[in-house]
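Reviewing the structure listed below.
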Amino acid sequence: MVLSTERIAARQARIGVVGLGYVGLPLALSFAEAGFPVIGFDTDPQKPLALNAGRSYLEHIPATRVAAAAGRLQATTDPAQAAHCDALILCVPTPLDRHLVPDLSYIESTCRALAPHILPGTLVVLESTSYPGTTVEIVQPLLEEPGAIALGRGLFLCFSPEREDPGNARWSTRTIPKLIGGADAASLALGVALYRATVELVIPVDSTQVAEAAKLLENIFRSVNIALVNELKMVFDRMGIDIWKVIAAASSKPFGFMPFYPGPGLGGHCIPIDPFYLSWKAREFGIDSRFIELAGEINRTMPAWVVGKVADCLNAAKRSVNGSRILILGLAYKPGIGDIRESPSLHLIELLEARGATVGYHDPFVAEIPPTREFQHLAGRRSQELGPGYDCLVLATAHPVFTAERILALGIPVVDTRNALPRGPLVHPA
């Protein structure tokens, strides 16, 4: 049956969400909570098993929420179930390879798996971040390849960038404004109607390319400004000036300034990765995006800067990195969640061990390091107790449980990369 605004309004449209991770699961639950029947797809069989049993595998999504959606949300690994969906929303990873080249293999394999099963009249929406043109240059031809449908002949196609912020108590899938661009006018109309059924504010834009570029701009803006304060941190450190006090002072200006804060490096799926999608695509047009490249270079050097500060901290105690026992406080890339994607803490472990240290980590949200693309050799390591027996602590993630009282009571020197602890004899800012 062809998707229509009337079927959306009546909650008769069946929604398929492909990829049930940090983006896809909240979206699938939001549609189910809005009254839609939802099929969730994932290649990891453990996720459908958990959801169908009413369990959550993401710490910021309670099991009670999953259980409450059980009557409307089903999950599967079978792409043939796409034939039962009126709309398919793709939320699959878009990583970089080790040469900082976009890896669209997840998008491509997903489209190839779904295409033979998509019926005429289906809306397909890509939410995975990528370079401008991905929706019409990559996704559209793959969906049209079997020959059953084409744009304007049974296929509706949109791009709507994900804006999830796991663990954010203020903003949710429903309240974060949603951009959407369509490959044609009919696609845009359906896409707007679909998202307006579950998102408070939907903002249509002129094309899929504008929507794709807007997502990149959002994250490039953050990457560049974080790189700026990271560089200033190193400059002011050499001058004996506290960057955190400088930022606080500058923030007193009520216009023309927005505070950004330094850290041990960038984490998460968006900021460390997304800017390079645009810089890579820009080369196709003969343009070197020097600002993006420089920001990425600065941000990628920050774990090494922190290691230097660890060495200074140990030197002050007449110890070397080689042979020292070091505990990283926080493996997740941000406070209050267990998401370790692109976490700088993983780089810190690797760099410190390369210099001869024995390194553990403590994170109440990450009991064990899962397999990752870049750090497979760290998989299986488990969180250690925060207690005595270490030569140095490195506060890498400002989890709320990492209180100054708890940390400083151990009497161990600590390198603070987040300005989370009061300055004192044991605290070494980084």
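So you can find residues: chains in the structure tokens are A, B, ... in the order shown, residues in each start at 1, and ligands are numbered from 1 in order.
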Just the residues within 10 Å of stretch 72-86 of chain A, please, counting only C-alpha atoms, with nothing from its chain fewer than 6 positions along; format it as number ranges by chain.
A: 1-4, 7-8, 12-20, 28-29, 31-54, 66, 110-124
Surrounding residues of A:Met302 excluding itself and chain neighbours under 3 positions, 8 Å, only C-alpha atoms, as JSON, numbers by chain
{"A": [230, 263, 264, 265, 298, 299, 305, 306]}
Using only C-alpha atoms, which protein or nucleic acid residues come within 6 Å of stretch 390-403 of chain A? Drop anything in the same chain fewer than 4 positions from it, and give the result as a list in words.
Ser324, Arg325, Ile326, Leu327, Ile328, Leu329, Gly330, Pro335, Gly336, Pro413, Val414, Val415, Asp416 and Thr417 of chain A
Keeping only C-alpha atoms, write the selected residues to a file as a tab-separated table (two decimals), in the first residue's frame.
chain	number	residue	atom	x	y	z
A	324	SER	CA	54.34	3.25	36.77
A	325	ARG	CA	50.80	2.06	37.51
A	326	ILE	CA	48.26	4.48	36.07
A	327	LEU	CA	44.46	4.46	36.33
A	328	ILE	CA	42.32	6.27	33.76
A	329	LEU	CA	39.14	7.65	35.34
A	330	GLY	CA	36.45	7.44	32.70
A	335	PRO	CA	29.82	12.04	31.40
A	336	GLY	CA	26.93	9.88	32.52
A	413	PRO	CA	48.57	12.57	42.21
A	414	VAL	CA	45.91	13.15	39.58
A	415	VAL	CA	46.11	14.71	36.13
A	416	ASP	CA	42.83	16.58	35.62
A	417	THR	CA	41.90	17.03	31.96
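Using only C-alpha atoms, the nearest neighbour of A:Asp184 within the list A:Arg222, A:Arg418, A:Arg290, A:Arg153 is A:Arg153.
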Under the rule that only C-alpha atoms are counted, which of A:Asn419, A:Thr175, A:Thr358, A:Gln376 is the nearest residue to A:Asn322?
A:Thr358
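Proximity of A:Leu194, A:Leu25, A:Leu188, A:Ile273 to A:Pro102, computed with only C-alpha atoms, is greatest for A:Ile273.
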Excluding stretch 125-138 of chain A and any residue of its chain fewer than 3 positions from it, enumerate the residues within 9 Å of it, using only C-alpha atoms, and give them as a VMD selection string.
chain A and resid 23 87 to 94 102 104 107 to 108 141 to 143 156 to 162 182 to 183 191 208 to 213 215 to 216 270 274 276 to 281
Restricted to C-alpha atoms, what would the selected residues look like written as a tab-separated table (two decimals), in the first residue's frame?
chain	number	residue	atom	x	y	z
A	23	VAL	CA	20.41	6.83	17.12
A	87	ALA	CA	8.79	3.85	5.63
A	88	LEU	CA	12.38	2.79	6.27
A	89	ILE	CA	14.74	5.01	8.25
A	90	LEU	CA	18.44	4.14	7.95
A	91	CYS	CA	20.54	4.79	11.07
A	92	VAL	CA	23.73	2.87	10.30
A	93	PRO	CA	27.37	3.78	11.09
A	94	THR	CA	29.46	5.98	8.80
A	102	PRO	CA	34.74	7.98	4.49
A	104	LEU	CA	30.12	4.06	3.36
A	107	ILE	CA	25.10	2.34	4.00
A	108	GLU	CA	25.86	0.41	0.83
A	141	PRO	CA	20.97	4.16	-7.31
A	142	LEU	CA	21.32	1.21	-4.92
A	143	LEU	CA	17.60	1.24	-4.11
A	156	PHE	CA	10.21	8.37	-1.99
A	157	LEU	CA	13.60	9.45	-0.68
A	158	CYS	CA	14.75	11.91	2.01
A	159	PHE	CA	17.71	12.81	4.19
A	160	SER	CA	17.14	13.86	7.81
A	161	PRO	CA	20.28	14.20	9.92
A	162	GLU	CA	20.30	12.59	13.34
A	182	GLY	CA	13.68	15.49	-0.01
A	183	ALA	CA	14.94	14.15	-3.33
A	191	GLY	CA	8.99	12.95	5.17
A	208	THR	CA	18.89	16.43	0.59
A	209	GLN	CA	22.25	18.12	-0.04
A	210	VAL	CA	21.35	21.11	2.14
A	211	ALA	CA	20.27	18.79	4.96
A	212	GLU	CA	23.47	16.74	4.62
A	213	ALA	CA	25.64	19.87	4.61
A	215	LYS	CA	24.69	18.37	9.75
A	216	LEU	CA	28.34	18.67	8.78
A	270	CYS	CA	30.11	12.95	15.31
A	274	ASP	CA	31.98	14.06	10.43
A	276	PHE	CA	36.41	14.76	7.37
A	277	TYR	CA	33.42	13.70	5.26
A	278	LEU	CA	33.26	17.25	3.95
A	279	SER	CA	37.01	17.74	3.57
A	280	TRP	CA	37.20	14.48	1.58
A	281	LYS	CA	34.29	15.46	-0.66
d(atom CA of A:Lys245, atom CA of A:Leu348) in Å:
25.5 Å
So which residues touch A:Ser320 within 10 Å, counting only C-alpha atoms, skipping near sequence neighbours fewer than 3 positions away, as a PyMOL selection string?
chain A and resi 310-317+323-324+355-357+391
Let's see if you can do this: from backbone DSSP, list all helix (DSSP H, G or I) residues in stretch 262-413 of chain A, as a PyMOL selection string.
chain A and resi 274-283+290-316+344-354+376-378+404-408
With a distance cut-off of 8 Å and only C-alpha atoms, select the neighbouring residues of A:Ile271, excluding the residue or stretch itself and same-chain residues fewer than 3 positions from it, and output the selection as JSON, numbers by chain.
{"A": [219, 220, 222, 223, 266, 267, 268, 274, 275]}
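Counting only C-alpha atoms, the residue from A:Ala430, A:Gly387, A:Ile349, A:Gly152 that sits nearest to A:Arg238 is A:Ala430.
Here the question is which of A:Glu353, A:Ala169, A:Pro364, A:Thr301 gets nearest to A:Leu331 using only C-alpha atoms, and that residue is A:Pro364.
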Residues within 12 Å of stretch 247-254 of chain A, please, as a PyMOL selection string. Count only C-alpha atoms; anything in the same chain fewer than 5 positions from it doesn't count.
chain A and resi 228-230+232-233+236+241-242+259-262+419
Name the residues of stretch 348-396 of chain A that fall into strand (DSSP E or B) according to DSSP on the backbone, using the chain letters and numbers of this document, as a PyMOL selection string.
chain A and resi 358-362+368+382+392-395
Saved selection, atoms kept: C-alpha atoms, as a PDB file, in the first residue's frame:
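The file below, out.pdb, is the result:
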ATOM      1  CA  THR A 358      50.785  -0.480  33.401  1.00  0.00           C
ATOM      2  CA  VAL A 359      47.410   1.102  32.672  1.00  0.00           C
ATOM      3  CA  GLY A 360      43.924   0.285  33.912  1.00  0.00           C
ATOM      4  CA  TYR A 361      40.663   2.170  33.781  1.00  0.00           C
ATOM      5  CA  HIS A 362      37.746   2.774  36.109  1.00  0.00           C
ATOM      6  CA  GLU A 368      34.280  -4.218  29.986  1.00  0.00           C
ATOM      7  CA  ARG A 382      37.526  -4.774  32.692  1.00  0.00           C
ATOM      8  CA  CYS A 392      48.973   8.439  39.041  1.00  0.00           C
ATOM      9  CA  LEU A 393      45.301   8.944  38.216  1.00  0.00           C
ATOM     10  CA  VAL A 394      44.102  10.590  34.985  1.00  0.00           C
ATOM     11  CA  LEU A 395      40.649  12.159  35.142  1.00  0.00           C
TER      12      LEU A 395
END
What are the closest atom pairs, with distances in Å to one decimal, for all residues of stretch 168-245 of chain A lying within 12 Å of stretch 55-63 of chain A? Consider only C-alpha atoms, order rows by chain and residue number, and present the result as a tab-separated table.
residue	atom	partner	partner_atom	distance
A:Asn168	CA	A:His60	CA	9.0
A:Ala169	CA	A:His60	CA	9.6
A:Ser172	CA	A:Ile61	CA	11.2
A:Thr173	CA	A:Ile61	CA	12.0
Could the residues in this selection be written to a file with C-alpha atoms, as a compact mmCIF listing (two decimals), in the first residue's frame?
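Output file part32.txt follows:
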# COMPACT_ATOMS: atom_id res chain seq x y z
CA ASN A 168 21.08 14.74 27.62
CA ALA A 169 18.27 15.23 30.14
CA SER A 172 15.22 14.23 23.49
CA THR A 173 14.35 12.72 20.11
Of the candidates A:Val246, A:Ala193, A:Ala185, A:Val224, which shows the shortest atom-to-atom distance to A:Val205, using only C-alpha atoms?
A:Ala185
